[in-house]
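Dumped protein.cif below, it's mmCIF, C-alpha atoms:
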```cif
data_final
#
loop_
_atom_site.label_atom_id
_atom_site.label_comp_id
_atom_site.auth_asym_id
_atom_site.auth_seq_id
_atom_site.Cartn_x
_atom_site.Cartn_y
_atom_site.Cartn_z
CA MET A 17 0.00 0.00 0.00
CA SER A 18 1.50 3.31 -1.08
CA ASP A 19 1.94 6.18 1.34
CA ALA A 20 -0.43 8.42 -0.63
CA ARG A 21 -3.11 5.78 -0.47
CA GLN A 22 -2.62 5.24 3.24
CA ILE A 23 -2.97 8.97 3.91
CA LEU A 24 -6.11 9.03 1.76
CA GLU A 25 -7.78 6.20 3.63
CA THR A 26 -6.85 6.88 7.21
CA ALA A 27 -8.26 9.44 9.62
CA PRO A 28 -7.11 10.56 13.05
CA GLY A 29 -7.72 7.60 15.32
CA ASP A 30 -7.85 5.01 12.55
CA GLU A 31 -6.89 1.46 13.52
CA ALA A 32 -4.53 1.08 10.60
CA ASP A 33 -2.66 4.22 11.48
CA VAL A 34 -0.88 3.20 14.67
CA GLU A 35 2.20 5.36 14.25
CA HIS A 36 0.14 8.55 14.01
CA GLU A 37 -0.86 10.40 17.15
CA PHE A 38 -4.58 10.17 17.99
CA GLY A 39 -6.69 13.18 17.07
CA GLY A 40 -3.80 15.64 16.88
CA GLY A 41 -2.35 14.33 20.15
CA VAL A 42 -2.23 16.11 23.50
CA MET A 43 -1.48 19.35 21.66
CA GLY A 44 -4.74 19.14 19.68
CA TYR A 45 -6.81 18.66 22.82
CA THR A 46 -4.94 21.40 24.68
CA VAL A 47 -5.54 23.91 21.86
CA GLY A 48 -9.22 22.91 21.93
CA LEU A 49 -9.37 23.32 25.71
CA GLY A 50 -7.74 26.76 25.50
CA LEU A 51 -10.13 27.99 22.79
CA ALA A 52 -13.18 26.55 24.57
CA ALA A 53 -12.13 28.10 27.90
CA LEU A 54 -11.59 31.47 26.21
CA LEU A 55 -15.02 31.39 24.56
CA THR A 56 -16.72 30.25 27.78
CA ALA A 57 -15.02 32.94 29.85
CA THR A 58 -16.00 35.59 27.27
CA ALA A 59 -19.63 34.41 27.35
CA PHE A 60 -19.75 34.69 31.15
CA VAL A 61 -17.81 37.98 31.47
CA LEU A 62 -19.22 39.91 28.50
CA PRO A 63 -22.76 40.49 29.83
CA ALA A 64 -21.57 41.05 33.41
CA LEU A 65 -19.28 43.92 32.39
CA ASN A 66 -21.82 45.67 30.12
CA LEU A 67 -19.24 45.68 27.35
CA VAL A 68 -21.71 45.33 24.51
CA TRP A 69 -24.83 47.23 23.54
CA PRO A 70 -27.53 45.36 25.53
CA PRO A 71 -29.94 44.62 22.62
CA SER A 72 -27.12 42.87 20.75
CA LEU A 73 -26.37 40.58 23.71
CA PRO A 74 -28.44 37.57 22.56
CA ILE A 75 -26.70 37.58 19.18
CA ALA A 76 -23.26 37.97 20.80
CA LEU A 77 -23.87 35.07 23.23
CA GLY A 78 -25.35 32.94 20.45
CA VAL A 79 -22.32 33.52 18.24
CA LEU A 80 -19.97 32.63 21.12
CA ALA A 81 -21.93 29.41 21.82
CA ILE A 82 -21.96 28.31 18.18
CA ALA A 83 -18.23 29.10 17.90
CA GLN A 84 -17.54 26.97 20.97
CA MET A 85 -19.64 24.11 19.57
CA GLY A 86 -17.49 24.35 16.42
CA VAL A 87 -14.31 24.18 18.51
CA HIS A 88 -15.64 21.06 20.28
CA VAL A 89 -16.61 19.38 17.00
CA VAL A 90 -13.20 20.02 15.44
CA PHE A 91 -10.80 19.52 18.35
CA PHE A 92 -12.65 16.94 20.49
CA LEU A 93 -14.95 15.02 18.14
CA HIS A 94 -12.43 15.22 15.23
CA VAL A 95 -14.98 15.82 12.51
CA THR A 96 -12.63 16.73 9.68
CA THR A 97 -12.80 17.47 5.97
CA GLY A 98 -10.92 14.23 5.21
CA PRO A 99 -12.32 11.77 2.64
CA ASP A 100 -13.44 9.23 5.28
CA ASN A 101 -15.31 11.96 7.16
CA VAL A 102 -17.65 12.99 4.33
CA ASN A 103 -20.48 10.89 5.81
CA ASN A 104 -19.96 12.37 9.26
CA VAL A 105 -20.02 15.94 7.91
CA LEU A 106 -23.15 15.28 5.84
CA ALA A 107 -24.90 13.72 8.84
CA LEU A 108 -23.87 16.69 10.96
CA ALA A 109 -25.23 19.12 8.36
CA PHE A 110 -28.55 17.24 8.31
CA GLY A 111 -28.67 17.14 12.12
CA ALA A 112 -27.96 20.88 12.27
CA LEU A 113 -30.80 21.50 9.79
CA ILE A 114 -33.28 19.51 11.89
CA VAL A 115 -32.15 21.21 15.12
CA PHE A 116 -32.50 24.62 13.46
CA LEU A 117 -35.98 23.76 12.12
CA ILE A 118 -37.22 22.46 15.49
CA ILE A 119 -35.90 25.33 17.63
CA GLY A 120 -36.36 28.15 15.12
CA GLY A 121 -39.75 26.89 13.96
CA SER A 122 -41.12 26.39 17.49
CA VAL A 123 -39.97 29.78 18.71
CA TRP A 124 -41.25 31.54 15.59
CA ILE A 125 -44.67 29.83 15.61
CA MET A 126 -45.26 30.27 19.36
CA HIS A 127 -44.10 33.90 19.22
CA ALA A 128 -46.50 34.65 16.36
CA MET A 129 -49.30 32.81 18.14
CA ASN A 130 -48.76 34.67 21.40
CA ALA A 131 -48.67 37.98 19.49
CA ASN A 132 -51.96 37.16 17.76
CA MET A 133 -53.64 35.96 20.96
CA MET A 134 -52.55 39.22 22.63
CA ASN A 135 -52.01 37.39 25.88
CA PRO A 136 -51.27 40.11 28.45
CA ALA A 137 -48.86 37.84 30.32
CA MET A 138 -46.56 37.59 27.30
CA HIS A 139 -44.59 40.73 26.55
CA MET A 140 -42.22 39.15 24.08
CA MET B 16 -9.10 8.63 -7.88
CA SER B 17 -10.58 5.76 -9.91
CA ALA B 18 -7.48 5.64 -12.10
CA THR B 19 -5.27 5.04 -9.03
CA ALA B 20 -7.70 2.45 -7.72
CA ALA B 21 -7.65 0.65 -11.05
CA ALA B 22 -3.87 0.71 -11.13
CA HIS B 23 -3.77 -0.75 -7.63
CA ALA B 24 -6.36 -3.39 -8.49
CA ALA B 25 -4.25 -4.42 -11.47
CA SER B 26 -1.04 -4.71 -9.47
CA HIS B 27 -2.59 -6.66 -6.58
CA SER B 28 -5.09 -9.47 -6.48
CA VAL B 29 -8.60 -8.02 -6.42
CA ALA B 30 -9.71 -10.13 -3.45
CA ARG B 31 -6.91 -8.90 -1.17
CA MET B 32 -6.99 -5.31 -2.28
CA PRO B 33 -9.67 -3.28 -0.49
CA SER B 34 -11.41 -1.22 -3.15
CA HIS B 35 -11.57 2.50 -2.46
CA THR B 36 -15.37 2.36 -2.46
CA GLY B 37 -15.51 -0.90 -0.50
CA PRO B 38 -16.35 -1.39 3.17
CA ALA B 39 -14.57 1.12 5.39
CA ASN B 40 -12.51 0.27 8.43
CA LYS B 41 -14.64 -1.04 11.32
CA ARG B 42 -13.57 1.85 13.52
CA ILE B 43 -14.85 4.35 10.94
CA VAL B 44 -18.15 2.48 10.51
CA THR B 45 -18.67 2.23 14.29
CA GLY B 46 -17.82 5.89 14.76
CA TYR B 47 -20.25 6.84 11.99
CA GLY B 48 -23.07 4.77 13.47
CA PHE B 49 -22.51 6.25 16.91
CA TRP B 50 -22.35 9.73 15.38
CA ILE B 51 -25.83 9.14 13.88
CA PHE B 52 -27.06 8.17 17.37
CA LEU B 53 -25.52 11.32 18.85
CA LEU B 54 -27.17 13.49 16.20
CA SER B 55 -30.54 11.91 17.02
CA ASP B 56 -29.81 12.75 20.66
CA PHE B 57 -29.12 16.35 19.60
CA VAL B 58 -32.55 16.39 17.92
CA ILE B 59 -34.18 15.22 21.19
CA PHE B 60 -32.37 17.99 23.04
CA ALA B 61 -33.42 20.45 20.32
CA SER B 62 -37.08 19.71 21.14
CA LEU B 63 -36.37 20.25 24.84
CA PHE B 64 -34.55 23.52 24.04
CA ALA B 65 -37.52 24.59 21.91
CA ALA B 66 -39.95 23.74 24.74
CA PHE B 67 -37.81 25.75 27.17
CA ALA B 68 -37.56 28.74 24.82
CA VAL B 69 -41.35 28.74 24.40
CA LEU B 70 -42.13 28.32 28.12
CA VAL B 71 -39.39 30.47 29.68
CA HIS B 72 -41.76 33.40 30.42
CA ASN B 73 -44.58 31.21 31.76
CA THR B 74 -43.65 31.52 35.42
CA ASN B 75 -47.26 31.55 36.70
CA GLY B 76 -46.34 34.08 39.38
CA GLY B 77 -43.53 31.83 40.64
CA PRO B 78 -39.80 32.53 40.67
CA GLY B 79 -38.19 33.27 37.30
CA PRO B 80 -34.64 32.79 36.02
CA HIS B 81 -33.40 36.01 37.67
CA GLU B 82 -34.35 34.93 41.17
CA LEU B 83 -33.24 31.30 40.83
CA PHE B 84 -30.07 30.99 38.77
CA ASP B 85 -26.67 31.32 40.43
CA LEU B 86 -24.19 32.03 37.62
CA LYS B 87 -21.14 31.40 39.82
CA SER B 88 -22.21 27.82 40.40
CA VAL B 89 -22.99 27.46 36.70
CA ALA B 90 -19.52 28.79 35.80
CA VAL B 91 -17.89 26.20 38.09
CA GLU B 92 -20.09 23.46 36.59
CA THR B 93 -19.04 24.58 33.10
CA GLY B 94 -15.36 24.54 34.02
CA ALA B 95 -15.66 21.10 35.61
CA LEU B 96 -17.36 19.63 32.54
CA LEU B 97 -14.82 21.23 30.20
CA LEU B 98 -11.89 19.81 32.18
CA SER B 99 -13.67 16.46 32.28
CA THR B 100 -13.96 16.50 28.49
CA TYR B 101 -10.27 17.39 28.21
CA ALA B 102 -9.30 14.50 30.51
CA CYS B 103 -11.51 12.21 28.43
CA GLY B 104 -9.53 13.28 25.35
CA LEU B 105 -6.29 12.45 27.17
CA ALA B 106 -7.79 9.05 28.05
CA SER B 107 -8.44 8.28 24.37
CA ILE B 108 -4.84 9.27 23.57
CA ALA B 109 -3.62 6.93 26.33
CA ALA B 110 -5.86 4.16 24.98
CA HIS B 111 -4.41 4.74 21.51
CA ARG B 112 -0.90 4.43 22.97
CA ARG B 113 -2.09 1.33 24.88
CA SER B 114 -0.95 2.85 28.16
CA ALA B 115 -3.17 1.29 30.83
CA ILE B 116 -1.91 3.50 33.69
CA GLY B 117 -2.41 6.66 31.63
CA PHE B 118 -5.88 5.49 30.63
CA TYR B 119 -6.99 4.71 34.21
CA LEU B 120 -5.61 8.01 35.50
CA ALA B 121 -7.22 10.13 32.77
CA MET B 122 -10.53 8.28 33.15
CA LEU B 123 -10.45 8.83 36.92
CA VAL B 124 -9.86 12.57 36.40
CA THR B 125 -12.75 12.54 33.91
CA ALA B 126 -14.95 10.84 36.51
CA ILE B 127 -13.93 13.23 39.30
CA PHE B 128 -14.77 16.35 37.28
CA GLY B 129 -17.96 14.66 36.07
CA ALA B 130 -18.90 13.98 39.69
CA VAL B 131 -18.18 17.62 40.64
CA PHE B 132 -20.51 18.70 37.84
CA LEU B 133 -23.25 16.29 38.90
CA GLY B 134 -22.89 17.24 42.57
CA LEU B 135 -23.31 20.95 41.81
CA GLU B 136 -26.30 20.24 39.58
CA ILE B 137 -28.02 18.03 42.15
CA ASN B 138 -27.32 20.69 44.78
CA GLU B 139 -28.90 23.32 42.51
CA PHE B 140 -31.99 21.17 41.86
CA TYR B 141 -32.33 20.42 45.56
CA GLY B 142 -32.10 24.15 46.38
CA PHE B 143 -34.83 24.97 43.84
CA ILE B 144 -37.18 22.28 45.15
CA ASP B 145 -36.45 23.44 48.71
CA LYS B 146 -37.61 26.96 47.75
CA GLY B 147 -40.84 25.51 46.38
CA ALA B 148 -39.56 25.95 42.83
CA GLY B 149 -39.91 22.32 41.78
CA PRO B 150 -40.87 21.12 38.30
CA GLN B 151 -44.60 21.30 39.13
CA ARG B 152 -44.48 25.02 40.07
CA SER B 153 -44.70 26.53 36.56
CA GLY B 154 -44.25 25.84 32.85
CA PHE B 155 -40.85 27.50 32.99
CA LEU B 156 -39.67 25.20 35.79
CA SER B 157 -41.11 22.09 34.11
CA ALA B 158 -39.18 22.92 30.94
CA PHE B 159 -36.05 23.78 32.95
CA PHE B 160 -36.02 20.54 34.94
CA THR B 161 -36.78 18.45 31.82
CA LEU B 162 -34.00 20.00 29.73
CA VAL B 163 -31.25 20.30 32.34
CA GLY B 164 -32.34 17.07 34.07
CA CYS B 165 -32.16 15.17 30.77
CA HIS B 166 -28.60 16.40 30.32
CA GLY B 167 -27.79 15.43 33.92
CA LEU B 168 -29.26 11.98 33.29
CA HIS B 169 -27.00 11.63 30.25
CA VAL B 170 -23.98 12.58 32.37
CA SER B 171 -25.00 10.04 35.06
CA LEU B 172 -25.34 7.26 32.49
CA GLY B 173 -22.04 8.38 30.98
CA MET B 174 -20.41 7.95 34.42
CA LEU B 175 -21.74 4.39 34.54
CA TRP B 176 -20.32 3.78 31.06
CA LEU B 177 -17.00 5.38 32.12
CA PHE B 178 -16.49 2.90 34.95
CA THR B 179 -17.61 0.06 32.66
CA MET B 180 -14.84 1.03 30.23
CA ILE B 181 -12.26 1.09 33.03
CA ALA B 182 -13.39 -2.39 34.07
CA GLN B 183 -13.36 -3.67 30.48
CA VAL B 184 -9.84 -2.39 29.85
CA PHE B 185 -8.78 -3.96 33.16
CA ALA B 186 -10.37 -7.32 32.29
CA LYS B 187 -9.83 -7.52 28.53
CA GLY B 188 -7.02 -5.09 27.70
CA PHE B 189 -6.86 -2.81 24.67
CA ARG B 190 -8.49 -5.19 22.18
CA ASP B 191 -9.81 -3.70 18.94
CA ASP B 192 -13.45 -3.99 20.05
CA ILE B 193 -12.64 -2.35 23.40
CA GLN B 194 -10.86 0.45 21.53
CA ARG B 195 -14.01 1.03 19.49
CA ARG B 196 -16.09 1.19 22.69
CA ILE B 197 -13.64 3.73 24.12
CA LEU B 198 -14.03 5.75 20.92
CA CYS B 199 -17.84 5.70 21.30
CA PHE B 200 -17.60 6.64 24.98
CA SER B 201 -15.34 9.61 24.23
CA LEU B 202 -17.68 10.77 21.44
CA PHE B 203 -20.60 10.55 23.91
CA TRP B 204 -18.76 12.46 26.62
CA HIS B 205 -17.62 15.22 24.22
CA ALA B 206 -21.16 15.48 22.82
CA LEU B 207 -22.53 16.06 26.34
CA ASP B 208 -20.24 19.06 26.68
CA ILE B 209 -21.53 20.46 23.37
CA ILE B 210 -25.09 20.22 24.71
CA TRP B 211 -23.98 21.90 27.93
CA VAL B 212 -22.65 24.84 25.87
CA GLY B 213 -26.20 25.24 24.56
CA ILE B 214 -27.64 24.95 28.07
CA PHE B 215 -25.38 27.47 29.82
CA THR B 216 -25.99 29.95 27.00
CA ALA B 217 -29.68 29.48 26.22
CA VAL B 218 -30.89 28.64 29.74
CA TYR B 219 -28.62 30.35 32.25
CA LEU B 220 -27.04 33.35 30.48
CA TYR B 221 -30.15 34.23 28.42
CA GLY B 222 -32.30 33.60 31.51
CA VAL B 223 -30.36 35.95 33.77
CA TYR B 224 -29.41 38.72 31.32
CA LEU B 225 -32.35 38.91 28.90
#
```
Once you've parsed the file, please lay out its structure as structure tokens.
Amino acid sequence: MSDARQILETAPGDEADVEHEFGGGVMGYTVGLGLAALLTATAFVLPALNLVWPPSLPIALGVLAIAQMGVHVVFFLHVTTGPDNVNNVLALAFGALIVFLIIGGSVWIMHAMNANMMNPAMHM
Amino acid sequence: MSATAAAHAASHSVARMPSHTGPANKRIVTGYGFWIFLLSDFVIFASLFAAFAVLVHNTNGGPGPHELFDLKSVAVETGALLLSTYACGLASIAAHRRSAIGFYLAMLVTAIFGAVFLGLEINEFYGFIDKGAGPQRSGFLSAFFTLVGCHGLHVSLGMLWLFTMIAQVFAKGFRDDIQRRILCFSLFWHALDIIWVGIFTAVYLYGVYL
């Protein structure tokens, strides 16, 4: 088996690839930990210090959370762009679509319904 | 790609040569199958997140997020789970290197931080119920306990799985099938931390600041 072929067919953590370090090694996980800790700390400190314009806070926190999820997926779950990861990426894209439809759809529909019912308890 | 595969097929016997489009390595197939399970779990959590987002203002005159949530405790919980995930990553590296001592140590650290997380969460739940803010108090609290409790249940089951993996490595060593189970466990544990990122943002930070 040629080297090029072996590289093409193996992913981080593959059984056949014993001489490679797993998932980027300790360094990979440490970089992931550092980035995740930074994003978490920012999410907790940002609203407490009134650093951002208050109405933009939900967007800022949402962006930080999605960025941290991305860090986890790349550095801890090792979803890569490699050829043997195409199925994983496609499944993730489908899962993200369903999650977006469920959360976004529910919030949108219930918000519109509450607005139309003019329920005095709901100032949304 | 097909030209290289054809050249390889010509130079080797077809039966021995795994075709590029043929069955993938077992580890990849197992990881893919478990990834599908995890994504279905994410969809379950998405429904719970949606229910929480819809019900968060329905406090029925009871305590709301501002009165209940203690962000300091949540920050410690978050740190504990993050360190637990990191230790779990080190455990999979140790398993890959077939270092039993390293694996046991990293798994123990994973378990300790997991236990810290669970302890703080149980303490928080107990405090809420003590104040009369149990799941039956309001729609907001029902949604809160269902969402965060479901995550806590996942962590508890993960702890059970964690000690099972320690026992299996102790009894059977780093066999290929055990390695695949360790891979699935680490995927599960990392996925729980991803869900927690959603919880501390959408439940606690949004709840207190918005």
(message) Here's the selection I'm unsure about, the PyMOL selection byres ((chain B) within 6 of (chain A)); applied to the file above, which residues does it give, as a PyMOL selection string?
(response) chain B and resi 54+58+61+65+69+108+209
Saved selection, atoms kept: C-alpha atoms, as a PDB file, keeping the file's coordinate frame:
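Ended up saving to again36.pdb:
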```
ATOM      1  CA  LEU B  54     -27.170  13.490  16.200  1.00  0.00           C
ATOM      2  CA  VAL B  58     -32.550  16.390  17.920  1.00  0.00           C
ATOM      3  CA  ALA B  61     -33.420  20.450  20.320  1.00  0.00           C
ATOM      4  CA  ALA B  65     -37.520  24.590  21.910  1.00  0.00           C
ATOM      5  CA  VAL B  69     -41.350  28.740  24.400  1.00  0.00           C
ATOM      6  CA  ILE B 108      -4.840   9.270  23.570  1.00  0.00           C
ATOM      7  CA  ILE B 209     -21.530  20.460  23.370  1.00  0.00           C
TER       8      ILE B 209
END
```
(message) To one decimal place in Å, what is the distance between atom CA of B:Asn73 and atom CA of B:Phe140?
(response)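 So the two atoms, atom CA of B:Asn73 and atom CA of B:Phe140, lie 19.0 Å apart.
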(request) Enter the distance from atom CA of A:Gly50 to atom CA of B:Ala130, in Å, rounded to one decimal. (result)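 Pair atom CA of A:Gly50 / atom CA of B:Ala130 returns 22.1 Å.
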(message) What does the structure give for the distance between atom CA of B:Tyr119 and atom CA of B:Ile214, in Å to one decimal?
(response) 29.6 Å
(message) Please list as a list in words every residue within 7 Å of stretch 182-197 of chain B, counting all atoms listed in the file and excluding residues in the same chain fewer than 3 positions away.
(response)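 Neighbouring residues, sequence-local ones excluded: Arg42, Ser107, Arg113, Phe178, Thr179, Phe200 and Ser201 of chain B.
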(message) Running the PyMOL selection byres ((chain B and resi 94) around 12) on this model by hand, what would come out? Give it as a ChimeraX atom specification.
(response) /A:49-50,52-57,60 /B:87-93,95-101,128-129,131-132,135,208,211-212,215
(request) Write out as a ChimeraX atom specification the residues lying within 9 Å of B:Ala121, counting only C-alpha atoms and excluding same-chain residues fewer than 5 positions away. (result) /B:102-107,109,116,126
